[in-house]
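Note: the block below is entry.txt and it holds compact mmCIF, C-alpha atoms.
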```txt
# COMPACT_ATOMS: atom_id res chain seq x y z
CA MET X 572 -10.44 37.36 -10.66
CA LEU X 573 -10.05 38.21 -6.99
CA SER X 574 -11.50 41.47 -5.69
CA PRO X 575 -8.76 43.98 -4.76
CA LYS X 576 -9.57 43.71 -1.06
CA SER X 577 -9.43 39.90 -1.07
CA ALA X 578 -6.26 39.91 -3.19
CA ALA X 579 -4.51 42.04 -0.60
CA THR X 580 -5.67 39.77 2.23
CA VAL X 581 -4.72 36.55 0.42
CA SER X 582 -1.31 37.99 -0.43
CA ALA X 583 -0.70 38.92 3.20
CA THR X 584 -1.86 35.56 4.57
CA LEU X 585 -0.60 33.19 1.88
CA PRO X 586 2.67 32.53 3.76
CA ALA X 587 0.75 31.65 6.94
CA VAL X 588 -1.78 29.49 5.09
CA GLY X 589 0.98 27.86 3.06
CA ALA X 590 2.96 27.04 6.20
CA ALA X 591 -0.14 25.54 7.84
CA ILE X 592 -1.57 23.73 4.84
CA GLY X 593 0.11 20.49 5.92
CA GLU X 594 -2.01 20.63 9.08
CA ILE X 595 -5.16 22.00 7.47
CA THR X 596 -5.66 19.33 4.82
CA PRO X 597 -5.33 16.22 7.06
CA LEU X 598 -7.71 17.83 9.55
CA PHE X 599 -10.10 18.64 6.70
CA TYR X 600 -10.18 15.00 5.57
CA GLU X 601 -10.62 13.85 9.17
CA LYS X 602 -13.65 16.12 9.58
CA LEU X 603 -15.02 15.25 6.14
CA PHE X 604 -14.86 11.50 6.64
CA ALA X 605 -16.24 11.72 10.17
CA ALA X 606 -19.29 13.53 8.82
CA ARG X 607 -19.53 11.64 5.51
CA PRO X 608 -17.84 8.22 5.91
CA GLU X 609 -19.37 7.01 2.65
CA LEU X 610 -17.02 9.33 0.72
CA LEU X 611 -13.94 7.50 2.01
CA ARG X 612 -15.64 4.16 1.45
CA ASP X 613 -16.91 4.81 -2.07
CA LEU X 614 -15.11 7.79 -3.64
CA PHE X 615 -11.72 8.67 -2.20
CA ASN X 616 -8.73 6.36 -2.69
CA ARG X 617 -8.08 4.82 0.72
CA GLY X 618 -4.50 3.96 -0.23
CA ASN X 619 -3.69 7.56 -1.13
CA GLN X 620 -5.34 8.71 2.09
CA ALA X 621 -3.20 6.29 4.10
CA VAL X 622 0.09 7.64 2.73
CA GLY X 623 -1.00 11.28 2.58
CA SER X 624 -0.55 11.85 -1.16
CA GLN X 625 -4.14 13.04 -1.65
CA GLN X 626 -3.67 15.63 1.10
CA GLN X 627 -0.48 16.87 -0.57
CA ALA X 628 -2.23 17.14 -3.94
CA LEU X 629 -5.12 19.16 -2.50
CA ALA X 630 -2.76 21.48 -0.64
CA GLY X 631 -0.63 22.00 -3.74
CA ALA X 632 -3.65 22.73 -5.93
CA ILE X 633 -5.09 25.34 -3.58
CA ALA X 634 -1.73 27.04 -3.08
CA ALA X 635 -0.98 27.02 -6.81
CA PHE X 636 -4.40 28.45 -7.66
CA ALA X 637 -4.13 31.24 -5.07
CA GLY X 638 -0.59 32.06 -6.18
CA HIS X 639 -1.70 32.28 -9.80
CA LEU X 640 -4.58 34.61 -8.95
CA LEU X 641 -2.12 36.97 -7.29
CA ALA X 642 0.60 36.80 -9.94
CA HIS X 643 -1.69 36.78 -12.99
CA PRO X 644 -5.00 38.36 -11.93
CA ASP X 645 -6.41 38.55 -15.46
CA THR X 646 -5.89 34.87 -16.40
CA ARG X 647 -6.85 31.44 -15.07
CA PRO X 648 -4.46 28.50 -14.56
CA ASP X 649 -6.33 26.40 -17.10
CA LEU X 650 -3.72 23.63 -17.22
CA LEU X 651 -4.10 23.03 -13.47
CA LEU X 652 -7.89 23.32 -13.58
CA THR X 653 -8.31 21.06 -16.61
CA ARG X 654 -6.14 18.33 -15.10
CA ILE X 655 -8.22 18.34 -11.91
CA ALA X 656 -11.53 18.55 -13.80
CA HIS X 657 -10.75 15.48 -15.89
CA LYS X 658 -9.99 13.52 -12.70
CA HIS X 659 -13.19 14.75 -11.06
CA ALA X 660 -15.34 13.96 -14.10
CA SER X 661 -14.03 10.41 -14.34
CA LEU X 662 -14.76 9.85 -10.66
CA GLY X 663 -18.31 11.12 -10.97
CA VAL X 664 -17.73 14.09 -8.65
CA ARG X 665 -20.98 16.08 -8.37
CA GLU X 666 -21.62 19.80 -8.09
CA ASP X 667 -23.44 19.34 -4.79
CA GLN X 668 -20.27 17.94 -3.22
CA TYR X 669 -18.37 21.24 -3.49
CA PRO X 670 -20.33 22.87 -0.62
CA ILE X 671 -19.61 19.79 1.51
CA VAL X 672 -15.88 20.14 0.87
CA HIS X 673 -16.10 23.87 1.58
CA GLU X 674 -17.78 23.34 4.93
CA HIS X 675 -15.16 20.98 6.32
CA LEU X 676 -12.16 22.63 4.68
CA PHE X 677 -12.98 26.01 6.19
CA ALA X 678 -13.71 24.46 9.58
CA ALA X 679 -10.21 22.96 9.48
CA LEU X 680 -8.69 26.25 8.31
CA ALA X 681 -10.31 28.17 11.17
CA GLU X 682 -9.21 25.58 13.74
CA VAL X 683 -5.57 25.49 12.60
CA LEU X 684 -5.09 29.22 12.01
CA GLY X 685 -6.85 30.25 15.20
CA ASP X 686 -6.74 34.02 15.73
CA VAL X 687 -5.28 34.52 12.24
CA ALA X 688 -8.58 33.32 10.73
CA THR X 689 -10.46 36.61 11.13
CA ASP X 690 -13.71 37.23 9.32
CA GLU X 691 -11.77 39.20 6.69
CA VAL X 692 -9.26 36.39 6.13
CA VAL X 693 -11.98 33.71 5.91
CA ALA X 694 -13.96 35.85 3.45
CA ALA X 695 -10.90 36.33 1.22
CA TRP X 696 -10.05 32.63 1.11
CA ASP X 697 -13.74 31.84 0.63
CA GLU X 698 -13.53 33.91 -2.55
CA VAL X 699 -10.49 31.90 -3.68
CA TYR X 700 -12.30 28.62 -3.02
CA TRP X 701 -15.42 29.50 -4.96
CA LEU X 702 -13.49 30.98 -7.88
CA MET X 703 -11.70 27.64 -8.17
CA ALA X 704 -14.82 25.56 -7.51
CA HIS X 705 -17.00 27.37 -10.06
CA ALA X 706 -14.25 27.15 -12.69
CA LEU X 707 -13.95 23.40 -12.08
CA ILE X 708 -17.71 22.89 -12.17
CA ALA X 709 -17.96 24.68 -15.53
CA ILE X 710 -15.13 22.61 -17.04
CA GLU X 711 -16.56 19.37 -15.64
CA ARG X 712 -19.97 20.15 -17.17
CA ARG X 713 -18.36 20.59 -20.59
CA LEU X 714 -16.33 17.40 -20.24
CA CYS X 715 -19.37 15.35 -19.24
CA ALA X 716 -21.43 16.78 -22.10
CA ALA X 717 -18.69 15.92 -24.59
CA ALA X 718 -18.59 12.38 -23.18
CA GLY X 719 -22.34 11.97 -23.68
CA ALA X 720 -23.03 12.31 -19.96
CA ALA X 721 -24.55 15.77 -19.77
CA ASP X 722 -26.58 14.74 -16.73
CA GLY X 723 -23.35 13.88 -14.89
CA THR X 724 -23.95 10.11 -15.06
CA VAL X 725 -20.56 8.96 -16.30
CA TRP X 726 -20.89 5.33 -15.18
CA ARG X 727 -21.93 2.33 -17.29
CA THR X 728 -21.83 -1.41 -16.69
CA TYR X 729 -19.29 -3.37 -18.73
CA ARG X 730 -18.73 -7.10 -18.97
CA VAL X 731 -15.21 -8.49 -18.91
CA ALA X 732 -15.03 -10.16 -22.33
CA GLY X 733 -11.52 -11.51 -21.88
CA ARG X 734 -8.28 -11.36 -19.95
CA VAL X 735 -4.64 -11.75 -21.01
CA GLN X 736 -1.79 -12.16 -18.53
CA GLU X 737 0.93 -9.91 -19.95
CA THR X 738 3.58 -10.44 -17.26
CA ALA X 739 3.66 -11.88 -13.75
CA ASP X 740 2.05 -8.71 -12.36
CA VAL X 741 0.26 -7.10 -15.33
CA ALA X 742 -3.03 -8.29 -16.85
CA THR X 743 -5.06 -6.85 -19.73
CA PHE X 744 -8.86 -6.78 -19.47
CA PHE X 745 -11.21 -6.43 -22.45
CA LEU X 746 -14.43 -4.65 -21.56
CA ARG X 747 -17.71 -4.48 -23.50
CA PRO X 748 -20.83 -2.47 -22.57
CA VAL X 749 -23.59 -4.71 -21.21
CA ASP X 750 -26.24 -2.58 -22.93
CA GLY X 751 -24.70 -3.25 -26.34
CA ALA X 752 -24.49 0.45 -27.18
CA PRO X 753 -21.27 1.89 -28.64
CA VAL X 754 -18.48 2.83 -26.27
CA PRO X 755 -18.03 6.57 -25.64
CA PRO X 756 -15.64 8.48 -27.89
CA HIS X 757 -12.09 8.58 -26.57
CA ARG X 758 -8.69 9.91 -27.52
CA PRO X 759 -5.32 8.12 -27.35
CA GLY X 760 -3.82 8.67 -23.91
CA GLN X 761 -7.07 8.91 -21.96
CA TYR X 762 -8.14 6.78 -19.00
CA VAL X 763 -11.29 5.37 -17.43
CA SER X 764 -12.28 4.91 -13.81
CA VAL X 765 -13.15 1.38 -12.66
CA GLN X 766 -15.30 0.82 -9.58
CA VAL X 767 -15.27 -2.51 -7.75
CA GLN X 768 -16.92 -3.71 -4.57
CA LEU X 769 -14.33 -5.03 -2.11
CA PRO X 770 -14.97 -7.78 0.45
CA ASP X 771 -15.56 -5.19 3.21
CA GLY X 772 -18.37 -3.61 1.17
CA ALA X 773 -16.41 -0.53 0.04
CA ARG X 774 -16.87 0.53 -3.56
CA GLN X 775 -13.40 1.78 -4.39
CA ILE X 776 -12.47 3.54 -7.63
CA ARG X 777 -9.18 3.55 -9.54
CA GLN X 778 -8.22 5.07 -12.88
CA TYR X 779 -6.53 3.06 -15.65
CA SER X 780 -5.25 4.19 -19.03
CA LEU X 781 -6.81 2.75 -22.15
CA SER X 782 -4.04 0.49 -23.43
CA GLY X 783 -4.74 0.38 -27.12
CA GLN X 784 -7.70 -0.49 -29.29
CA ALA X 785 -10.36 -3.11 -28.69
CA ASP X 786 -12.99 -4.08 -31.25
CA GLY X 787 -16.27 -2.64 -30.01
CA GLY X 788 -15.06 -2.24 -26.44
CA LEU X 789 -12.40 -0.81 -24.15
CA ARG X 790 -9.09 -2.27 -23.03
CA ILE X 791 -7.16 -1.62 -19.84
CA SER X 792 -3.92 -3.15 -18.57
CA VAL X 793 -3.57 -3.28 -14.79
CA LYS X 794 -0.46 -3.79 -12.70
CA ARG X 795 -0.88 -5.48 -9.34
CA VAL X 796 0.31 -2.92 -6.79
CA ALA X 797 2.29 -4.67 -4.07
CA ALA X 798 2.71 -3.37 -0.54
CA GLY X 799 5.76 -1.15 -0.26
CA PRO X 800 8.66 -1.57 2.17
CA ASP X 801 7.81 1.91 3.53
CA GLY X 802 4.40 0.73 4.68
CA THR X 803 2.51 1.75 1.54
CA PRO X 804 -0.54 -0.53 1.37
CA ALA X 805 -1.06 -3.01 -1.45
CA GLY X 806 -3.41 -1.91 -4.19
CA ALA X 807 -6.91 -2.95 -3.14
CA VAL X 808 -8.51 -2.56 -6.58
CA SER X 809 -5.61 -3.91 -8.63
CA GLY X 810 -5.43 -6.93 -6.30
CA HIS X 811 -9.18 -7.47 -6.64
CA LEU X 812 -8.99 -7.36 -10.44
CA HIS X 813 -6.05 -9.76 -10.57
CA ASP X 814 -7.45 -12.24 -8.05
CA ARG X 815 -11.20 -12.18 -8.76
CA VAL X 816 -11.81 -10.99 -12.34
CA HIS X 817 -11.07 -13.60 -15.00
CA GLY X 818 -13.84 -13.16 -17.57
CA GLY X 819 -17.62 -12.84 -17.53
CA GLU X 820 -17.80 -10.54 -14.50
CA THR X 821 -19.28 -7.04 -14.69
CA LEU X 822 -17.59 -3.80 -13.68
CA ARG X 823 -18.76 -0.24 -13.35
CA VAL X 824 -16.64 1.85 -15.75
CA SER X 825 -16.66 5.59 -16.38
CA ALA X 826 -16.55 7.38 -19.69
CA PRO X 827 -12.98 8.09 -20.86
CA PHE X 828 -11.34 11.30 -19.67
CA GLY X 829 -7.84 12.77 -19.50
CA ASP X 830 -6.10 15.84 -20.90
CA VAL X 831 -2.71 14.29 -21.80
CA VAL X 832 -3.60 13.09 -25.27
CA LEU X 833 -1.84 12.67 -28.59
CA ASP X 834 -2.26 15.61 -30.93
CA ASP X 835 -3.13 15.03 -34.57
CA GLY X 836 -0.47 17.29 -36.01
CA PRO X 837 2.28 16.22 -38.42
CA GLY X 838 5.26 16.95 -36.18
CA PRO X 839 7.62 14.41 -34.59
CA VAL X 840 6.55 12.77 -31.35
CA LEU X 841 8.44 11.01 -28.57
CA LEU X 842 6.67 8.59 -26.21
CA ALA X 843 8.77 7.89 -23.09
CA SER X 844 7.56 5.47 -20.43
CA ALA X 845 8.70 3.24 -17.62
CA GLY X 846 6.99 0.23 -16.09
CA ILE X 847 3.21 0.32 -16.31
CA GLY X 848 3.52 3.83 -17.74
CA CYS X 849 3.63 2.02 -21.09
CA THR X 850 -0.17 1.74 -21.20
CA PRO X 851 -1.14 5.19 -22.53
CA MET X 852 1.84 5.05 -24.90
CA ILE X 853 0.60 1.80 -26.43
CA GLY X 854 -2.76 3.50 -26.92
CA MET X 855 -1.05 6.35 -28.75
CA LEU X 856 1.04 3.96 -30.88
CA ALA X 857 -2.06 1.94 -31.78
CA HIS X 858 -3.81 5.13 -32.91
CA LEU X 859 -0.83 6.15 -35.05
CA ALA X 860 -0.61 2.68 -36.60
CA ALA X 861 -4.34 2.57 -37.35
CA ASP X 862 -3.97 5.88 -39.21
CA ALA X 863 -0.77 4.71 -40.99
CA SER X 864 0.81 7.92 -39.73
CA PRO X 865 3.98 9.07 -41.52
CA ARG X 866 5.12 11.05 -38.45
CA ARG X 867 8.58 10.55 -36.99
CA VAL X 868 7.91 8.57 -33.80
CA ILE X 869 10.36 7.56 -31.09
CA ALA X 870 8.92 5.03 -28.62
CA ALA X 871 11.25 4.86 -25.62
CA HIS X 872 10.59 2.51 -22.71
CA ALA X 873 12.50 1.55 -19.55
CA ASP X 874 11.92 -1.54 -17.44
CA ARG X 875 13.70 -3.90 -15.07
CA SER X 876 14.04 -6.63 -17.67
CA PRO X 877 12.44 -7.87 -20.91
CA ASP X 878 10.32 -10.30 -18.87
CA SER X 879 8.82 -7.50 -16.76
CA HIS X 880 8.07 -5.29 -19.78
CA ALA X 881 4.30 -5.48 -20.29
CA LEU X 882 2.99 -5.17 -23.86
CA ARG X 883 6.53 -5.47 -25.24
CA THR X 884 5.50 -7.58 -28.24
CA GLU X 885 2.76 -5.11 -29.10
CA LEU X 886 5.17 -2.17 -28.90
CA VAL X 887 7.51 -3.90 -31.35
CA GLN X 888 4.67 -4.82 -33.71
CA LEU X 889 3.16 -1.34 -33.71
CA THR X 890 6.54 0.28 -34.26
CA GLY X 891 7.09 -2.02 -37.23
CA LYS X 892 3.84 -0.83 -38.82
CA LEU X 893 4.93 2.81 -38.82
CA THR X 894 7.35 3.88 -41.53
CA GLY X 895 8.80 6.70 -39.43
CA ALA X 896 8.96 4.95 -36.06
CA THR X 897 11.79 3.48 -34.00
CA ALA X 898 11.75 1.97 -30.53
CA GLU X 899 14.48 2.38 -27.90
CA LEU X 900 14.25 -0.04 -24.98
CA TRP X 901 16.29 0.19 -21.79
CA TYR X 902 16.55 -2.75 -19.38
CA GLU X 903 18.44 -2.72 -16.11
CA GLU X 904 18.84 -6.50 -16.24
CA GLY X 905 19.09 -9.09 -18.98
CA ALA X 906 19.98 -6.86 -21.92
CA ALA X 907 23.20 -6.43 -23.85
CA PRO X 908 23.81 -2.72 -24.46
CA ASP X 909 22.90 -1.26 -27.85
CA ALA X 910 21.79 -4.53 -29.42
CA ALA X 911 19.21 -4.88 -32.16
CA ALA X 912 16.10 -6.62 -30.93
CA PRO X 913 15.62 -10.17 -32.22
CA GLY X 914 13.05 -10.84 -34.92
CA PRO X 915 11.78 -8.79 -37.86
CA ALA X 916 12.04 -5.39 -36.18
CA PRO X 917 15.35 -3.74 -37.06
CA ALA X 918 13.92 -0.40 -35.92
CA VAL X 919 14.05 -1.59 -32.29
CA THR X 920 17.24 -1.09 -30.27
CA VAL X 921 17.85 -2.52 -26.82
CA HIS X 922 20.08 -0.71 -24.31
CA GLY X 923 21.39 -1.79 -20.94
CA GLY X 924 20.98 0.39 -17.85
CA ARG X 925 18.72 3.37 -17.25
CA MET X 926 17.09 5.43 -19.96
CA ASP X 927 19.28 8.19 -21.39
CA LEU X 928 17.52 10.16 -24.11
CA THR X 929 20.50 12.47 -24.61
CA ARG X 930 22.05 9.61 -26.62
CA LEU X 931 19.29 9.84 -29.23
CA ASP X 932 18.88 12.20 -32.16
CA ILE X 933 15.66 13.97 -31.18
CA PRO X 934 14.26 16.01 -34.08
CA ALA X 935 13.56 19.70 -33.69
CA GLY X 936 9.92 20.42 -32.90
CA THR X 937 9.36 17.11 -31.09
CA THR X 938 6.35 16.84 -28.80
CA ALA X 939 7.09 14.50 -25.89
CA HIS X 940 4.70 12.49 -23.72
CA LEU X 941 5.99 10.99 -20.46
CA CYS X 942 4.45 8.41 -18.16
CA GLY X 943 5.98 6.45 -15.31
CA PRO X 944 7.25 6.99 -11.76
CA VAL X 945 7.71 10.65 -10.88
CA SER X 946 11.47 10.19 -10.37
CA PHE X 947 11.71 8.73 -13.87
CA MET X 948 9.75 11.59 -15.42
CA LYS X 949 11.87 14.20 -13.65
CA ALA X 950 15.04 12.61 -15.03
CA VAL X 951 13.65 12.22 -18.55
CA ARG X 952 12.31 15.77 -18.59
CA ALA X 953 15.77 17.08 -17.72
CA GLN X 954 17.26 14.97 -20.53
CA LEU X 955 14.74 16.33 -23.03
CA LEU X 956 15.39 19.92 -22.00
CA ALA X 957 19.12 19.29 -22.40
CA SER X 958 18.39 17.92 -25.88
CA GLY X 959 16.61 21.11 -26.92
CA VAL X 960 12.95 20.10 -26.48
CA ARG X 961 10.86 23.10 -25.43
CA PRO X 962 9.29 22.90 -21.94
CA ALA X 963 5.86 23.63 -23.47
CA ASP X 964 6.22 20.53 -25.66
CA ILE X 965 6.77 18.11 -22.75
CA HIS X 966 3.58 16.58 -21.35
CA HIS X 967 3.30 14.09 -18.49
CA GLU X 968 0.68 11.76 -17.05
CA VAL X 969 0.82 10.81 -13.37
CA PHE X 970 -0.86 7.68 -12.02
CA GLY X 971 -2.36 8.87 -8.75
CA PRO X 972 -2.44 12.37 -7.23
CA ASP X 973 -0.37 14.74 -9.34
CA LEU X 974 2.11 16.31 -6.94
CA GLY X 975 3.87 18.09 -9.79
CA LEU X 976 7.20 17.64 -11.51
```

Go ahead and render the structure in this file as structure tokens.
Amino acid sequence: MLSPKSAATVSATLPAVGAAIGEITPLFYEKLFAARPELLRDLFNRGNQAVGSQQQALAGAIAAFAGHLLAHPDTRPDLLLTRIAHKHASLGVREDQYPIVHEHLFAALAEVLGDVATDEVVAAWDEVYWLMAHALIAIERRLCAAAGAADGTVWRTYRVAGRVQETADVATFFLRPVDGAPVPPHRPGQYVSVQVQLPDGARQIRQYSLSGQADGGLRISVKRVAAGPDGTPAGAVSGHLHDRVHGGETLRVSAPFGDVVLDDGPGPVLLASAGIGCTPMIGMLAHLAADASPRRVIAAHADRSPDSHALRTELVQLTGKLTGATAELWYEEGAAPDAAAPGPAPAVTVHGGRMDLTRLDIPAGTTAHLCGPVSFMKAVRAQLLASGVRPADIHHEVFGPDLGL
């Protein structure tokens, strides 16, 4: 908890720091990468840096942590900290990198705030930083130990044992450890980091959900990220995997991490996804099917069309294996509204248009997991709240920096 003196100073300066955080974080990254260019080349996502989403995520995390310390001085925001710690652990972030971040972040803070950044103000925010940093370091140690990487070495070399083209822009890769040892333990809904060397020599890292079960290995399904009309760059790592990885190549892959996982309780569960957000949901469905779970399961997915829906056949097959499961599929194109899906899966219903969960009978006590574009998850969360699902029972996974719902 913050000392009383620092709490008073942080409370008084939080509006000023909050107003300036949009200037502080870009300047921090500029200073950091000027001093340590290898971090941008080999650790930070260059695409997220280009569009500013990483800066927004850092600013939001610091502001949220400071605000929580002031509003709830006797508790920690463990949900926020755990989400960040899982990301850090899967990227191989080291304890000795926290002082490096501190140095350049506080240099940026002093430069932007000017005369406001007195010794007293800097000391108070220094206390905030190290409270957050030490909490993250402790959580990351525990996560790495649980993953069998107590020394912080989360990376192993995997060979690509096979590839399946799911749709025009989604491919599934089957990965097996080169050393022949068992894969690390993992839970349905978790992800791994994949590191590739790009043509310019950069070793860029991206995180991909485990998309179901693979005999003796891991399985990821990757969507090629195209350049956006707003100038968003094309996905460097997804493009590399699609264009250059066909089978037999080796990749550096982290142990699995992630805090948005399927619980093992008996209650009803709803899995709502859109686009490539289907990947962790398929992992959860595969786990339920392998356990022959009797739980009531609603698998809801939205996509542009049946042809663009990756892992569609697998979703239908897994739903058919579960006695209490139904699937609700929404397609904006190429689907007659409220039609039974063809084939031996009467528990699958196809809808036209955008997903509307208020049309479904959602059982009391349902736990919901959401994954897809942020706009989709905002809309679906509102639908679930309107249907009586408790806010505490709605969990979401964001691909990329989590800017919050």

Task: Proximity to His872 of chain X - best of X:Gly854, X:Gly848, X:Gly895, X:Gly836, all atoms listed in the file - done: X:Gly848

Task: Counting all atoms listed in the file, the option among X:Thr596, X:Gln954, X:Thr724, X:Gln784 closest to His675 of chain X - done: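 Closest to His675 of chain X, using all atoms listed in the file: X:Thr596.
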
Once 4 Å is added on each side, what are the centre and the three edge lengths, in Å to one decimal, of the axis-aligned box enclosing the listed atoms of segment 840-845 of chain X? Present them as AutoDock Vina command-line options.
```
--center_x 7.7 --center_y 8.0 --center_z -24.5 --size_x 10.2 --size_y 17.5 --size_z 21.7
```

Open item on the list: Need to verify the contact set: Thr929 of chain X, 12 Å, all atoms listed in the file, exclusion of same-chain residues closer than 3 positions in sequence. Can you return it as a VMD selection string?
Closed with: chain X and resid 925 to 926 932 to 934 950 to 960

Generate the output file for the selected residues, C-alpha atoms, as a JSON list (two decimals), in the coordinates of the input.
```
[["chain", "number", "residue", "atom", "x", "y", "z"],
["X", 925, "ARG", "CA", 18.72, 3.37, -17.25],
["X", 926, "MET", "CA", 17.09, 5.43, -19.96],
["X", 932, "ASP", "CA", 18.88, 12.20, -32.16],
["X", 933, "ILE", "CA", 15.66, 13.97, -31.18],
["X", 934, "PRO", "CA", 14.26, 16.01, -34.08],
["X", 950, "ALA", "CA", 15.04, 12.61, -15.03],
["X", 951, "VAL", "CA", 13.65, 12.22, -18.55],
["X", 952, "ARG", "CA", 12.31, 15.77, -18.59],
["X", 953, "ALA", "CA", 15.77, 17.08, -17.72],
["X", 954, "GLN", "CA", 17.26, 14.97, -20.53],
["X", 955, "LEU", "CA", 14.74, 16.33, -23.03],
["X", 956, "LEU", "CA", 15.39, 19.92, -22.00],
["X", 957, "ALA", "CA", 19.12, 19.29, -22.40],
["X", 958, "SER", "CA", 18.39, 17.92, -25.88],
["X", 959, "GLY", "CA", 16.61, 21.11, -26.92],
["X", 960, "VAL", "CA", 12.95, 20.10, -26.48]]
```

Please identify every residue of segment 702-740 of chain X that has at least one atom no farther than 7 Å from an atom of segment 745-753 of chain X, counting all atoms listed in the file, and for each give the shortest atom pair and the distance in Å to one decimal, arranged by chain then increasing number, as JSON lines.
```
{"residue": "X:Thr728", "atom": "CA", "partner": "X:Val749", "partner_atom": "CA", "distance": 5.9}
{"residue": "X:Tyr729", "atom": "CA", "partner": "X:Pro748", "partner_atom": "CA", "distance": 4.2}
{"residue": "X:Arg730", "atom": "CA", "partner": "X:Arg747", "partner_atom": "CA", "distance": 5.3}
{"residue": "X:Val731", "atom": "CA", "partner": "X:Leu746", "partner_atom": "CA", "distance": 4.7}
{"residue": "X:Ala732", "atom": "CA", "partner": "X:Phe745", "partner_atom": "CA", "distance": 5.3}
{"residue": "X:Gly733", "atom": "CA", "partner": "X:Phe745", "partner_atom": "CA", "distance": 5.1}
{"residue": "X:Arg734", "atom": "CA", "partner": "X:Phe745", "partner_atom": "CA", "distance": 6.3}
```

Please write the residues from the selection above to a file, keeping C-alpha atoms, as a short mmCIF file (atom, residue, chain, number, x, y, z; two decimals), in the frame of the given file.
```cif
data_model
loop_
_atom_site.label_atom_id
_atom_site.label_comp_id
_atom_site.auth_asym_id
_atom_site.auth_seq_id
_atom_site.Cartn_x
_atom_site.Cartn_y
_atom_site.Cartn_z
CA THR X 728 -21.83 -1.41 -16.69
CA TYR X 729 -19.29 -3.37 -18.73
CA ARG X 730 -18.73 -7.10 -18.97
CA VAL X 731 -15.21 -8.49 -18.91
CA ALA X 732 -15.03 -10.16 -22.33
CA GLY X 733 -11.52 -11.51 -21.88
CA ARG X 734 -8.28 -11.36 -19.95
#
```

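Across X:Ser825, X:Val692, X:Ile671, X:Leu573, the tightest approach to Ala587 of chain X is made by X:Val692 when counting all atoms listed in the file.
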
Open item on the list: Please report the interatomic distance between atom CA of Leu941 of chain X and atom CA of Gly783 of chain X in Å with one decimal.
Closed with: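 So the two atoms, atom CA of Leu941 of chain X and atom CA of Gly783 of chain X, lie 16.5 Å apart.
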
Open item on the list: Please determine, counting all atoms listed in the file, which residue among X:Ser782, X:Ser879, X:Gln775, X:Thr920 has the shortest atom-to-atom distance to His757 of chain X.
Closed with: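 Smallest distance to His757 of chain X is found for X:Ser782.
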